[in-house]
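Note: the block below is data-v2.csv and it holds CSV, C-alpha atoms.
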chain,number,residue,atom,x,y,z
A,29,MET,CA,94.3,128.4,106.2
A,30,ARG,CA,95.3,125.9,108.9
A,31,TYR,CA,96.0,122.7,107.0
A,32,SER,CA,97.3,121.6,103.6
A,33,ILE,CA,97.0,117.9,102.9
A,34,ILE,CA,99.6,116.8,100.4
A,35,VAL,CA,99.3,113.5,98.6
A,36,PRO,CA,101.8,112.1,96.0
A,37,VAL,CA,100.1,109.7,93.5
A,38,PHE,CA,101.5,107.1,91.2
A,39,ASN,CA,99.0,105.0,89.2
A,40,ARG,CA,96.4,104.7,92.0
A,41,PRO,CA,93.2,106.5,90.9
A,42,ASP,CA,90.9,104.1,92.8
A,43,GLU,CA,92.8,104.7,96.1
A,44,VAL,CA,92.7,108.4,95.6
A,45,ASN,CA,89.0,108.3,95.2
A,46,GLU,CA,88.6,106.5,98.5
A,47,LEU,CA,90.9,109.0,100.2
A,48,LEU,CA,89.1,112.1,98.8
A,49,GLU,CA,85.8,110.6,99.7
A,50,SER,CA,86.9,110.2,103.3
A,51,LEU,CA,88.1,113.9,103.3
A,52,THR,CA,84.7,115.1,102.4
A,53,ARG,CA,83.4,113.6,105.7
A,54,GLN,CA,85.9,115.5,107.9
A,55,THR,CA,84.2,117.3,110.7
A,56,LEU,CA,86.9,120.1,110.6
A,57,LYS,CA,86.8,121.9,107.2
A,58,ASP,CA,89.7,124.3,107.4
A,59,PHE,CA,92.0,122.5,104.9
A,60,GLU,CA,93.0,122.3,101.3
A,61,VAL,CA,94.0,119.2,99.4
A,62,ILE,CA,97.0,119.1,97.0
A,63,ILE,CA,97.2,116.0,94.7
A,64,VAL,CA,100.6,115.6,92.9
A,65,GLU,CA,100.4,113.2,90.0
A,66,ASP,CA,104.0,111.8,89.9
A,67,GLY,CA,104.2,110.9,86.2
A,68,SER,CA,101.4,108.3,86.4
A,69,LYS,CA,100.4,106.2,83.3
A,70,ILE,CA,97.0,105.8,84.9
A,71,PRO,CA,96.2,109.4,86.1
A,72,CYS,CA,93.6,110.3,88.7
A,73,LYS,CA,92.6,113.7,87.2
A,74,ASP,CA,89.1,112.5,86.4
A,75,VAL,CA,88.7,111.3,90.0
A,76,CYS,CA,89.9,114.7,91.3
A,77,ASN,CA,87.5,116.5,89.0
A,78,LYS,CA,84.6,114.8,90.8
A,79,TYR,CA,85.6,116.5,94.1
A,80,ALA,CA,86.5,119.9,92.6
A,81,GLY,CA,83.3,121.5,93.8
A,82,ILE,CA,83.3,119.7,97.2
A,83,LEU,CA,86.8,120.1,98.4
A,84,ASP,CA,89.3,122.9,98.1
A,85,LEU,CA,91.3,120.7,95.8
A,86,HIS,CA,94.4,121.4,93.7
A,87,TYR,CA,95.6,118.9,91.1
A,88,TYR,CA,99.1,119.0,89.6
A,89,ASP,CA,100.6,116.7,87.0
A,90,LYS,CA,104.4,116.4,86.8
A,91,GLU,CA,107.2,114.1,85.5
A,92,ASN,CA,108.1,111.2,87.7
A,93,SER,CA,110.6,112.1,90.4
A,94,GLY,CA,109.6,109.9,93.4
A,95,PRO,CA,107.3,110.4,96.4
A,96,GLY,CA,109.7,112.6,98.3
A,97,GLN,CA,110.2,115.2,95.6
A,98,SER,CA,106.5,115.1,94.7
A,99,ARG,CA,105.7,116.0,98.3
A,100,ASN,CA,108.2,118.9,98.1
A,101,TYR,CA,106.5,120.0,94.8
A,102,GLY,CA,103.1,120.1,96.7
A,103,ALA,CA,104.6,121.8,99.7
A,104,GLU,CA,105.9,124.7,97.5
A,105,ARG,CA,102.3,125.3,96.4
A,106,ALA,CA,100.6,124.9,99.8
A,107,HIS,CA,99.0,127.7,101.8
A,108,GLY,CA,98.3,126.0,105.1
A,109,ASP,CA,100.1,126.7,108.4
A,110,TRP,CA,100.5,123.0,108.8
A,111,LEU,CA,101.4,120.5,106.0
A,112,ILE,CA,99.9,117.0,106.4
A,113,VAL,CA,101.6,114.4,104.2
A,114,LEU,CA,99.6,111.3,103.5
A,115,ASP,CA,100.1,108.3,101.3
A,116,SER,CA,97.5,107.7,98.6
A,117,ASP,CA,96.6,104.3,100.0
A,118,VAL,CA,95.2,105.7,103.3
A,119,VAL,CA,91.6,106.5,104.3
A,120,LEU,CA,90.8,109.0,107.1
A,121,PRO,CA,88.2,108.5,109.8
A,122,GLU,CA,85.9,111.5,110.0
A,123,GLY,CA,87.5,112.8,113.2
A,124,TYR,CA,91.1,112.7,112.0
A,125,LEU,CA,91.6,116.4,111.5
A,126,ALA,CA,89.6,117.4,114.5
A,127,ALA,CA,91.7,115.0,116.7
A,128,ALA,CA,94.9,116.5,115.4
A,129,ASN,CA,93.6,120.0,115.7
A,130,SER,CA,92.4,119.4,119.3
A,131,SER,CA,95.8,118.1,120.4
A,132,LEU,CA,97.7,120.9,118.6
A,133,PHE,CA,95.6,123.9,119.5
A,134,THR,CA,93.3,123.3,122.4
A,135,LEU,CA,94.2,125.5,125.3
A,136,HIS,CA,94.1,122.6,127.8
A,137,SER,CA,96.4,120.5,125.6
A,138,SER,CA,99.9,120.0,126.9
A,139,LEU,CA,101.2,119.1,123.5
A,140,SER,CA,103.7,121.4,121.9
A,141,CYS,CA,105.4,120.2,118.8
A,142,ASP,CA,106.6,121.1,115.3
A,143,ALA,CA,105.8,117.8,113.7
A,144,PHE,CA,103.4,114.9,114.5
A,145,GLY,CA,102.3,111.5,113.3
A,146,GLY,CA,99.7,109.0,114.1
A,147,PRO,CA,99.2,105.2,114.1
A,148,ASP,CA,97.7,103.2,111.3
A,149,ALA,CA,95.2,100.3,111.3
A,150,ALA,CA,93.3,97.9,109.0
A,151,HIS,CA,89.8,98.8,107.9
A,152,PRO,CA,87.1,96.1,108.2
A,153,SER,CA,86.6,96.3,104.4
A,154,PHE,CA,90.2,95.4,103.7
A,155,THR,CA,90.9,92.0,102.1
A,156,PRO,CA,92.2,89.2,104.3
A,157,VAL,CA,95.7,89.6,102.8
A,158,GLN,CA,95.7,93.4,103.5
A,159,LYS,CA,94.6,92.7,107.1
A,160,ALA,CA,97.3,90.1,107.5
A,161,ILE,CA,99.9,92.5,106.1
A,162,SER,CA,98.7,95.2,108.4
A,163,TYR,CA,99.0,92.8,111.4
A,164,SER,CA,102.6,91.9,110.4
A,165,MET,CA,103.5,95.6,110.3
A,166,THR,CA,102.0,96.5,113.7
A,167,SER,CA,102.4,93.4,115.8
A,168,PHE,CA,104.8,93.1,118.7
A,169,PHE,CA,105.8,89.7,117.5
A,170,THR,CA,107.1,91.0,114.2
A,171,THR,CA,109.0,94.0,115.7
A,172,GLY,CA,106.2,96.2,114.3
A,173,GLY,CA,104.6,97.0,117.7
A,174,ILE,CA,106.2,100.5,117.9
A,175,ARG,CA,103.9,101.5,115.0
A,176,GLY,CA,100.8,100.7,117.0
A,177,GLY,CA,100.5,103.9,119.0
A,178,LYS,CA,102.8,103.9,122.0
A,179,THR,CA,102.9,107.3,123.6
A,180,LYS,CA,105.9,106.9,126.0
A,181,LEU,CA,108.7,107.2,123.5
A,182,ASP,CA,111.9,109.2,124.0
A,183,LYS,CA,111.6,110.4,120.4
A,184,PHE,CA,108.9,109.8,117.9
A,185,PHE,CA,109.7,109.8,114.2
A,186,PRO,CA,106.6,110.4,112.0
A,187,ARG,CA,106.2,108.4,108.8
A,188,SER,CA,105.0,109.8,105.5
A,189,TYR,CA,101.8,107.8,105.4
A,190,ASN,CA,100.6,110.0,108.3
A,191,MET,CA,102.8,113.0,109.0
A,192,GLY,CA,102.1,116.6,109.9
A,193,ILE,CA,104.7,119.5,110.1
A,194,ARG,CA,104.7,123.2,110.4
A,195,ARG,CA,105.1,124.7,107.0
A,196,GLU,CA,108.0,127.0,108.0
A,197,VAL,CA,109.9,124.0,109.5
A,198,TYR,CA,109.3,122.0,106.4
A,199,HIS,CA,110.8,124.7,104.2
A,200,GLU,CA,113.7,125.5,106.5
A,201,LEU,CA,114.8,121.9,106.4
A,202,GLY,CA,114.4,121.6,102.7
A,203,GLY,CA,111.7,118.9,102.8
A,204,PHE,CA,112.4,115.4,101.7
A,205,SER,CA,115.7,114.2,100.3
A,206,LYS,CA,116.1,112.4,97.0
A,207,MET,CA,116.3,109.0,98.7
A,208,ARG,CA,113.8,106.6,97.1
A,209,PHE,CA,113.4,104.5,100.2
A,210,GLY,CA,113.5,105.6,103.7
A,211,GLU,CA,113.2,109.3,102.7
A,212,ASP,CA,110.5,109.9,105.3
A,213,ILE,CA,112.6,108.5,108.2
A,214,ASP,CA,115.5,110.6,107.0
A,215,PHE,CA,113.3,113.6,107.1
A,216,SER,CA,112.1,112.8,110.6
A,217,TYR,CA,115.7,112.3,111.8
A,218,ARG,CA,116.6,115.7,110.4
A,219,ILE,CA,113.6,117.3,112.1
A,220,VAL,CA,114.8,116.0,115.5
A,221,GLU,CA,118.5,116.7,114.8
A,222,ALA,CA,117.6,120.3,114.1
A,223,GLY,CA,116.1,120.6,117.6
A,224,TYR,CA,112.4,120.6,116.6
A,225,LYS,CA,109.9,118.7,118.7
A,226,THR,CA,107.9,115.7,117.4
A,227,ALA,CA,104.8,114.1,118.9
A,228,LEU,CA,102.7,111.0,118.5
A,229,ILE,CA,98.9,111.8,118.4
A,230,PRO,CA,97.2,108.4,119.0
A,231,GLU,CA,93.8,109.8,118.1
A,232,ALA,CA,95.0,111.0,114.7
A,233,TRP,CA,95.1,107.6,113.1
A,234,VAL,CA,94.5,106.4,109.6
A,235,TRP,CA,93.4,103.2,107.8
A,236,HIS,CA,96.3,102.1,105.8
A,237,LYS,CA,96.0,99.7,102.9
A,238,ARG,CA,99.7,99.0,102.3
A,239,ARG,CA,100.3,96.4,99.6
A,240,THR,CA,97.7,94.1,98.1
A,241,ASP,CA,99.8,90.9,97.7
A,242,PHE,CA,102.8,89.3,99.3
A,243,ARG,CA,105.1,89.9,96.3
A,244,LYS,CA,104.6,93.7,96.4
A,245,PHE,CA,104.9,93.5,100.2
A,246,PHE,CA,108.2,91.7,100.0
A,247,ARG,CA,109.6,94.3,97.7
A,248,GLN,CA,108.4,97.1,100.0
A,249,VAL,CA,110.0,95.6,103.2
A,250,TYR,CA,113.2,94.6,101.2
A,251,ASN,CA,113.7,98.2,100.2
A,252,SER,CA,113.1,99.2,103.9
A,253,GLY,CA,115.9,96.9,104.9
A,254,ILE,CA,118.2,98.4,102.3
A,255,ALA,CA,117.3,101.9,103.5
A,256,ARG,CA,118.2,101.1,107.1
A,257,ILE,CA,122.0,100.9,106.5
A,258,ASN,CA,121.8,104.1,104.3
A,259,LEU,CA,120.0,105.8,107.2
A,260,GLU,CA,122.7,104.8,109.7
A,261,LYS,CA,125.4,106.1,107.4
A,262,ARG,CA,123.5,109.4,107.1
A,263,HIS,CA,122.6,109.6,110.8
A,264,PRO,CA,125.1,107.7,112.9
A,265,GLY,CA,123.7,106.1,116.0
A,266,THR,CA,120.2,105.6,114.7
A,267,LEU,CA,120.6,101.9,114.1
A,268,LYS,CA,118.9,100.2,117.1
A,269,LEU,CA,118.6,96.6,118.3
A,270,VAL,CA,115.1,96.4,117.0
A,271,HIS,CA,116.4,97.1,113.5
A,272,LEU,CA,118.7,94.0,113.7
A,273,LEU,CA,116.1,91.6,114.8
A,274,PRO,CA,114.6,90.8,111.3
A,275,THR,CA,118.2,90.0,110.1
A,276,VAL,CA,118.8,87.7,113.1
A,277,PHE,CA,115.4,86.1,112.4
A,278,THR,CA,116.3,85.6,108.7
A,279,VAL,CA,119.7,84.1,109.5
A,280,GLY,CA,118.2,81.9,112.2
A,281,VAL,CA,115.4,80.5,110.0
A,282,ILE,CA,117.8,79.8,107.1
A,283,SER,CA,120.3,78.1,109.6
A,284,LEU,CA,117.5,75.9,111.0
A,285,ILE,CA,116.4,74.8,107.5
A,286,VAL,CA,120.0,74.1,106.5
A,287,ILE,CA,120.6,72.0,109.7
A,288,SER,CA,117.4,70.1,108.9
A,289,ALA,CA,118.5,69.5,105.3
A,290,ILE,CA,121.9,68.2,106.5
A,291,GLY,CA,120.2,65.9,108.9
A,292,ARG,CA,118.0,64.5,106.2
A,293,ALA,CA,121.0,63.8,104.0
A,294,LEU,CA,122.9,62.1,106.9
A,295,MET,CA,119.8,60.0,107.7
A,296,HIS,CA,119.9,58.8,104.1
A,297,TYR,CA,123.5,57.9,103.9
A,298,VAL,CA,124.5,57.1,107.5
A,299,ASP,CA,122.8,55.8,110.7
A,300,ARG,CA,119.1,56.7,110.4
A,301,ASP,CA,118.3,57.0,114.1
A,302,GLN,CA,121.4,58.9,115.0
A,303,PHE,CA,120.5,61.9,112.9
A,304,TYR,CA,116.7,61.8,113.4
A,305,TRP,CA,116.7,64.7,115.8
A,306,MET,CA,118.8,66.8,113.5
A,307,CYS,CA,116.2,66.4,110.7
A,308,PHE,CA,113.1,67.4,112.7
A,309,ALA,CA,114.2,69.3,115.8
A,310,PRO,CA,115.1,72.6,113.9
A,311,TRP,CA,111.5,72.9,112.8
A,312,ILE,CA,110.1,73.1,116.3
A,313,PRO,CA,110.9,76.8,117.0
A,314,ILE,CA,109.7,77.7,113.5
A,315,LEU,CA,106.4,75.9,114.0
A,316,LEU,CA,106.0,77.4,117.5
A,317,TYR,CA,106.4,80.9,116.0
A,318,CYS,CA,103.9,80.1,113.4
A,319,LEU,CA,101.4,78.9,116.1
A,320,LEU,CA,102.0,82.1,118.1
A,321,ILE,CA,101.3,84.3,115.0
A,322,LEU,CA,98.2,82.3,114.1
A,323,ILE,CA,96.7,82.6,117.6
A,324,ASP,CA,97.5,86.2,118.2
A,325,SER,CA,96.4,87.4,114.7
A,326,SER,CA,93.2,85.3,114.8
A,327,ILE,CA,92.2,86.8,118.1
A,328,LYS,CA,93.0,90.4,117.1
A,329,ASN,CA,91.4,90.1,113.7
A,330,ARG,CA,88.6,87.8,114.8
A,331,SER,CA,89.3,85.7,111.8
A,332,LEU,CA,91.0,82.3,111.5
A,333,ARG,CA,91.7,82.9,107.8
A,334,VAL,CA,93.5,86.2,108.5
A,335,GLY,CA,95.4,84.3,111.3
A,336,PHE,CA,96.7,81.8,108.8
A,337,LEU,CA,97.5,84.5,106.2
A,338,SER,CA,99.4,86.4,108.9
A,339,ILE,CA,102.0,83.6,109.0
A,340,PRO,CA,103.4,84.1,105.5
A,341,ALA,CA,102.9,87.9,106.0
A,342,ALA,CA,105.1,87.8,109.1
A,343,PHE,CA,107.8,85.8,107.4
A,344,THR,CA,107.6,88.1,104.4
A,345,GLN,CA,108.0,91.1,106.6
A,346,LEU,CA,110.9,89.9,108.7
A,347,MET,CA,112.8,88.0,106.0
A,348,GLY,CA,112.2,90.6,103.3
A,349,TYR,CA,113.6,93.3,105.6
A,350,GLY,CA,116.4,91.0,106.7
A,351,PHE,CA,117.5,90.2,103.1
A,352,GLY,CA,117.5,93.9,102.2
A,353,PHE,CA,119.5,94.7,105.3
A,354,ILE,CA,122.1,92.1,104.5
A,355,GLU,CA,122.5,93.3,100.9
A,356,SER,CA,122.9,96.9,102.1
A,357,TRP,CA,125.4,95.9,104.8
A,358,TRP,CA,127.5,94.0,102.3
A,359,LYS,CA,127.6,96.7,99.7
A,360,ARG,CA,127.9,99.7,102.1
A,361,CYS,CA,130.0,98.3,104.9
A,362,ILE,CA,132.1,95.5,103.3
A,363,LEU,CA,132.5,96.6,99.7
A,364,LYS,CA,132.5,100.3,100.9
A,365,GLN,CA,130.3,101.5,98.0
A,366,ASN,CA,128.8,104.9,98.4
A,367,GLU,CA,125.1,105.5,98.8
A,368,PHE,CA,124.3,106.3,95.2
A,369,THR,CA,126.5,103.7,93.4
A,370,ALA,CA,125.4,100.9,95.7
A,371,PHE,CA,121.7,101.5,95.1
A,372,GLU,CA,121.3,103.7,92.1
A,373,LYS,CA,117.7,102.8,91.7
A,374,ASN,CA,117.0,104.1,95.2
A,375,PHE,CA,117.5,107.7,94.0
A,376,TYR,CA,116.0,110.1,91.5
A,377,LYS,CA,118.4,112.4,89.7
Could you take the file, read its structure, and then write that structure out as structure tokens?
Amino acid sequence: MRYSIIVPVFNRPDEVNELLESLTRQTLKDFEVIIVEDGSKIPCKDVCNKYAGILDLHYYDKENSGPGQSRNYGAERAHGDWLIVLDSDVVLPEGYLAAANSSLFTLHSSLSCDAFGGPDAAHPSFTPVQKAISYSMTSFFTTGGIRGGKTKLDKFFPRSYNMGIRREVYHELGGFSKMRFGEDIDFSYRIVEAGYKTALIPEAWVWHKRRTDFRKFFRQVYNSGIARINLEKRHPGTLKLVHLLPTVFTVGVISLIVISAIGRALMHYVDRDQFYWMCFAPWIPILLYCLLILIDSSIKNRSLRVGFLSIPAAFTQLMGYGFGFIESWWKRCILKQNEFTAFEKNFYK
């Protein structure tokens, strides 16, 4: 068997149904599907039973241990030469496997790799909030542009929502670590550090739902910010300028708001005209950025509503990540706490 598709699931039966339905439409059929129920209170077993006679489907139910360990659990039971790890909230276009297979095995293909990944996008059926969140995670103006499918990268690090790897390489490296957040980036770093080749396959893209509201989205990106310092500690030199930009943005926005608040207080107690600029000028760069996001997202999504929703999505993405980064920097670099004690909830024992 050529491919084993591994999907960890936690309380998402409806999303699993959409993913499995999309797998039934794949033009390439040489694959099995391994669903690992990670201690869900709302299981997807009944959903999987619907596809038992249509797909080569294997369902496993285990105690909660996190997505990384659940992927490892599935990998131990996989039979494919290649393991494809997907998040439960993705949907595959019908040519996904064929595109990956063509790049990996066509005689005329120049691609030679041990692991691969692909871009993600918003499906037309996604809600306006989901489209806005997808925009914020893929836009150049929110530092997410690298996820959009650039092929000329020195090194490409696949993410767990869309990652393929040779089975023998997966097992040799021990799979995913027990990190709760950033475990997929940690695994990608270990793949490259071990001397294996990675590649981006632009044609092997997925529709990715991500979070359904801004509160959940904030928590997701906050945890990503936390993970970045932990990743730098584990893999020195991986912290790049782009990883600092959300924190710079966060500090900058807060500073501008504070300056405006001070100006308003001074206008009230001192000379009104003297501090007028201090009250209103700090809002100019913020408003200009909002206008930039509104125009760019409205054009790309062909929706003014999504354009407006992309403004809070962009601020949530950048500032959520920034706050998480600052907390992690304070605990790990200033207080010198170790990885586990600083963020005990980020790990599974």
To one decimal place in Å, what is the distance between CA of Cys72 (chain A) and CA of Glu49 (chain A)? 13.5 Å
Counting all atoms listed in the file, which residue out of A:Trp235, A:Phe133, A:Phe154, A:Phe204 sits closest to Val118 (chain A)?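 Ranking A:Trp235, A:Phe133, A:Phe154, A:Phe204 by distance to Val118 (chain A), first place goes to A:Trp235.
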In the coordinate frame of the file, compute which residues have an atom within 10 Å of (109.8, 91.9, 107.0) when using all atoms listed in the file, and state them as JSON, numbers by chain. {"A": [161, 164, 165, 170, 171, 172, 245, 246, 247, 248, 249, 250, 252, 253, 274, 275, 277, 278, 341, 342, 343, 344, 345, 346, 347, 348, 349, 350, 351, 352]}
Go ahead and save the residues from that selection, with C-alpha atoms, as an mmCIF file, keeping the file's coordinate frame.
data_model
loop_
_atom_site.group_PDB
_atom_site.id
_atom_site.type_symbol
_atom_site.label_atom_id
_atom_site.label_comp_id
_atom_site.auth_asym_id
_atom_site.auth_seq_id
_atom_site.Cartn_x
_atom_site.Cartn_y
_atom_site.Cartn_z
ATOM 1 C CA ILE A 161 99.900 92.500 106.100
ATOM 2 C CA SER A 164 102.600 91.900 110.400
ATOM 3 C CA MET A 165 103.500 95.600 110.300
ATOM 4 C CA THR A 170 107.100 91.000 114.200
ATOM 5 C CA THR A 171 109.000 94.000 115.700
ATOM 6 C CA GLY A 172 106.200 96.200 114.300
ATOM 7 C CA PHE A 245 104.900 93.500 100.200
ATOM 8 C CA PHE A 246 108.200 91.700 100.000
ATOM 9 C CA ARG A 247 109.600 94.300 97.700
ATOM 10 C CA GLN A 248 108.400 97.100 100.000
ATOM 11 C CA VAL A 249 110.000 95.600 103.200
ATOM 12 C CA TYR A 250 113.200 94.600 101.200
ATOM 13 C CA SER A 252 113.100 99.200 103.900
ATOM 14 C CA GLY A 253 115.900 96.900 104.900
ATOM 15 C CA PRO A 274 114.600 90.800 111.300
ATOM 16 C CA THR A 275 118.200 90.000 110.100
ATOM 17 C CA PHE A 277 115.400 86.100 112.400
ATOM 18 C CA THR A 278 116.300 85.600 108.700
ATOM 19 C CA ALA A 341 102.900 87.900 106.000
ATOM 20 C CA ALA A 342 105.100 87.800 109.100
ATOM 21 C CA PHE A 343 107.800 85.800 107.400
ATOM 22 C CA THR A 344 107.600 88.100 104.400
ATOM 23 C CA GLN A 345 108.000 91.100 106.600
ATOM 24 C CA LEU A 346 110.900 89.900 108.700
ATOM 25 C CA MET A 347 112.800 88.000 106.000
ATOM 26 C CA GLY A 348 112.200 90.600 103.300
ATOM 27 C CA TYR A 349 113.600 93.300 105.600
ATOM 28 C CA GLY A 350 116.400 91.000 106.700
ATOM 29 C CA PHE A 351 117.500 90.200 103.100
ATOM 30 C CA GLY A 352 117.500 93.900 102.200
#
Can I get the residues of region 170-224 of chain A within 9 Å of region 254-270 of chain A, each with the closest pair of atoms and their distance in Å to one decimal, using only C-alpha atoms, sorted chain first then ascending number, as JSON lines?
{"residue": "A:Thr171", "atom": "CA", "partner": "A:Val270", "partner_atom": "CA", "distance": 6.7}
{"residue": "A:Met207", "atom": "CA", "partner": "A:Ala255", "partner_atom": "CA", "distance": 8.6}
{"residue": "A:Arg208", "atom": "CA", "partner": "A:Ala255", "partner_atom": "CA", "distance": 8.7}
{"residue": "A:Phe209", "atom": "CA", "partner": "A:Ala255", "partner_atom": "CA", "distance": 5.7}
{"residue": "A:Gly210", "atom": "CA", "partner": "A:Ala255", "partner_atom": "CA", "distance": 5.3}
{"residue": "A:Glu211", "atom": "CA", "partner": "A:Ala255", "partner_atom": "CA", "distance": 8.5}
{"residue": "A:Ile213", "atom": "CA", "partner": "A:Leu259", "partner_atom": "CA", "distance": 7.9}
{"residue": "A:Asp214", "atom": "CA", "partner": "A:Leu259", "partner_atom": "CA", "distance": 6.6}
{"residue": "A:Tyr217", "atom": "CA", "partner": "A:His263", "partner_atom": "CA", "distance": 7.5}
{"residue": "A:Arg218", "atom": "CA", "partner": "A:His263", "partner_atom": "CA", "distance": 8.6}
How would the residues just chosen look if you wrote them out with C-alpha atoms as a PDB file, in the coordinates of the input?
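Result file out-v5.pdb:
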ATOM      1  CA  THR A 171     109.000  94.000 115.700  1.00  0.00           C
ATOM      2  CA  MET A 207     116.300 109.000  98.700  1.00  0.00           C
ATOM      3  CA  ARG A 208     113.800 106.600  97.100  1.00  0.00           C
ATOM      4  CA  PHE A 209     113.400 104.500 100.200  1.00  0.00           C
ATOM      5  CA  GLY A 210     113.500 105.600 103.700  1.00  0.00           C
ATOM      6  CA  GLU A 211     113.200 109.300 102.700  1.00  0.00           C
ATOM      7  CA  ILE A 213     112.600 108.500 108.200  1.00  0.00           C
ATOM      8  CA  ASP A 214     115.500 110.600 107.000  1.00  0.00           C
ATOM      9  CA  TYR A 217     115.700 112.300 111.800  1.00  0.00           C
ATOM     10  CA  ARG A 218     116.600 115.700 110.400  1.00  0.00           C
TER      11      ARG A 218
END
Atom pair CA of Val75 (chain A) + CA of Asn100 (chain A), distance 22.4 Å
Selection as a PDB file with C-alpha atoms, in the coordinates of the input: residues within 12 Å of (94.7, 85.2, 111.0), counting only C-alpha atoms:
ATOM      1  CA  THR A 155      90.900  92.000 102.100  1.00  0.00           C
ATOM      2  CA  PRO A 156      92.200  89.200 104.300  1.00  0.00           C
ATOM      3  CA  VAL A 157      95.700  89.600 102.800  1.00  0.00           C
ATOM      4  CA  GLN A 158      95.700  93.400 103.500  1.00  0.00           C
ATOM      5  CA  LYS A 159      94.600  92.700 107.100  1.00  0.00           C
ATOM      6  CA  ALA A 160      97.300  90.100 107.500  1.00  0.00           C
ATOM      7  CA  ILE A 161      99.900  92.500 106.100  1.00  0.00           C
ATOM      8  CA  SER A 162      98.700  95.200 108.400  1.00  0.00           C
ATOM      9  CA  TYR A 163      99.000  92.800 111.400  1.00  0.00           C
ATOM     10  CA  SER A 164     102.600  91.900 110.400  1.00  0.00           C
ATOM     11  CA  CYS A 318     103.900  80.100 113.400  1.00  0.00           C
ATOM     12  CA  LEU A 319     101.400  78.900 116.100  1.00  0.00           C
ATOM     13  CA  LEU A 320     102.000  82.100 118.100  1.00  0.00           C
ATOM     14  CA  ILE A 321     101.300  84.300 115.000  1.00  0.00           C
ATOM     15  CA  LEU A 322      98.200  82.300 114.100  1.00  0.00           C
ATOM     16  CA  ILE A 323      96.700  82.600 117.600  1.00  0.00           C
ATOM     17  CA  ASP A 324      97.500  86.200 118.200  1.00  0.00           C
ATOM     18  CA  SER A 325      96.400  87.400 114.700  1.00  0.00           C
ATOM     19  CA  SER A 326      93.200  85.300 114.800  1.00  0.00           C
ATOM     20  CA  ILE A 327      92.200  86.800 118.100  1.00  0.00           C
ATOM     21  CA  LYS A 328      93.000  90.400 117.100  1.00  0.00           C
ATOM     22  CA  ASN A 329      91.400  90.100 113.700  1.00  0.00           C
ATOM     23  CA  ARG A 330      88.600  87.800 114.800  1.00  0.00           C
ATOM     24  CA  SER A 331      89.300  85.700 111.800  1.00  0.00           C
ATOM     25  CA  LEU A 332      91.000  82.300 111.500  1.00  0.00           C
ATOM     26  CA  ARG A 333      91.700  82.900 107.800  1.00  0.00           C
ATOM     27  CA  VAL A 334      93.500  86.200 108.500  1.00  0.00           C
ATOM     28  CA  GLY A 335      95.400  84.300 111.300  1.00  0.00           C
ATOM     29  CA  PHE A 336      96.700  81.800 108.800  1.00  0.00           C
ATOM     30  CA  LEU A 337      97.500  84.500 106.200  1.00  0.00           C
ATOM     31  CA  SER A 338      99.400  86.400 108.900  1.00  0.00           C
ATOM     32  CA  ILE A 339     102.000  83.600 109.000  1.00  0.00           C
ATOM     33  CA  PRO A 340     103.400  84.100 105.500  1.00  0.00           C
ATOM     34  CA  ALA A 341     102.900  87.900 106.000  1.00  0.00           C
ATOM     35  CA  ALA A 342     105.100  87.800 109.100  1.00  0.00           C
TER      36      ALA A 342
END
Rounded to one decimal, what separation in Å do you get between CA of Val119 (chain A) and CA of Pro147 (chain A)?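 It comes out at 12.5 Å.
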Closest of A:Glu46, A:Asp142, A:Asp117, A:Asp66 to Gly96 (chain A) - atom-to-atom distances counting all atoms listed in the file: A:Asp66
Could you check the closest approach to Gly94 (chain A) for each of A:Gln302, A:Ser205, A:Ser140, A:Ser283 and tell me which residue wins, using all atoms listed in the file? A:Ser205
Go through A:Pro310, A:Gly81, A:Pro36, A:Gly146 one by one, measure the shortest atom-to-atom distance of each to Val64 (chain A) using all atoms listed in the file, and give the residue with the smallest value.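 The closest residue to Val64 (chain A) is A:Pro36.
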Please list as an MDAnalysis selection string every residue within 12 Å of Asn45 (chain A), counting only C-alpha atoms and excluding residues in the same chain fewer than 2 positions away. chainID A and resid 37 40:43 47:52 63 71:79 116:119
Spatial neighbours of Trp233 (chain A), max dist 12 Å, all atoms listed in the file, sep filter under 5 positions, as a PyMOL selection string: chain A and resi 114+118-128+144-151+175-177+186-187+189-192+228
Hey, can you spit out that residue selection with C-alpha atoms as a short mmCIF file (atom, residue, chain, number, x, y, z; two decimals), in the coordinates of the input?
data_model
loop_
_atom_site.label_atom_id
_atom_site.label_comp_id
_atom_site.auth_asym_id
_atom_site.auth_seq_id
_atom_site.Cartn_x
_atom_site.Cartn_y
_atom_site.Cartn_z
CA LEU A 114 99.60 111.30 103.50
CA VAL A 118 95.20 105.70 103.30
CA VAL A 119 91.60 106.50 104.30
CA LEU A 120 90.80 109.00 107.10
CA PRO A 121 88.20 108.50 109.80
CA GLU A 122 85.90 111.50 110.00
CA GLY A 123 87.50 112.80 113.20
CA TYR A 124 91.10 112.70 112.00
CA LEU A 125 91.60 116.40 111.50
CA ALA A 126 89.60 117.40 114.50
CA ALA A 127 91.70 115.00 116.70
CA ALA A 128 94.90 116.50 115.40
CA PHE A 144 103.40 114.90 114.50
CA GLY A 145 102.30 111.50 113.30
CA GLY A 146 99.70 109.00 114.10
CA PRO A 147 99.20 105.20 114.10
CA ASP A 148 97.70 103.20 111.30
CA ALA A 149 95.20 100.30 111.30
CA ALA A 150 93.30 97.90 109.00
CA HIS A 151 89.80 98.80 107.90
CA ARG A 175 103.90 101.50 115.00
CA GLY A 176 100.80 100.70 117.00
CA GLY A 177 100.50 103.90 119.00
CA PRO A 186 106.60 110.40 112.00
CA ARG A 187 106.20 108.40 108.80
CA TYR A 189 101.80 107.80 105.40
CA ASN A 190 100.60 110.00 108.30
CA MET A 191 102.80 113.00 109.00
CA GLY A 192 102.10 116.60 109.90
CA LEU A 228 102.70 111.00 118.50
#
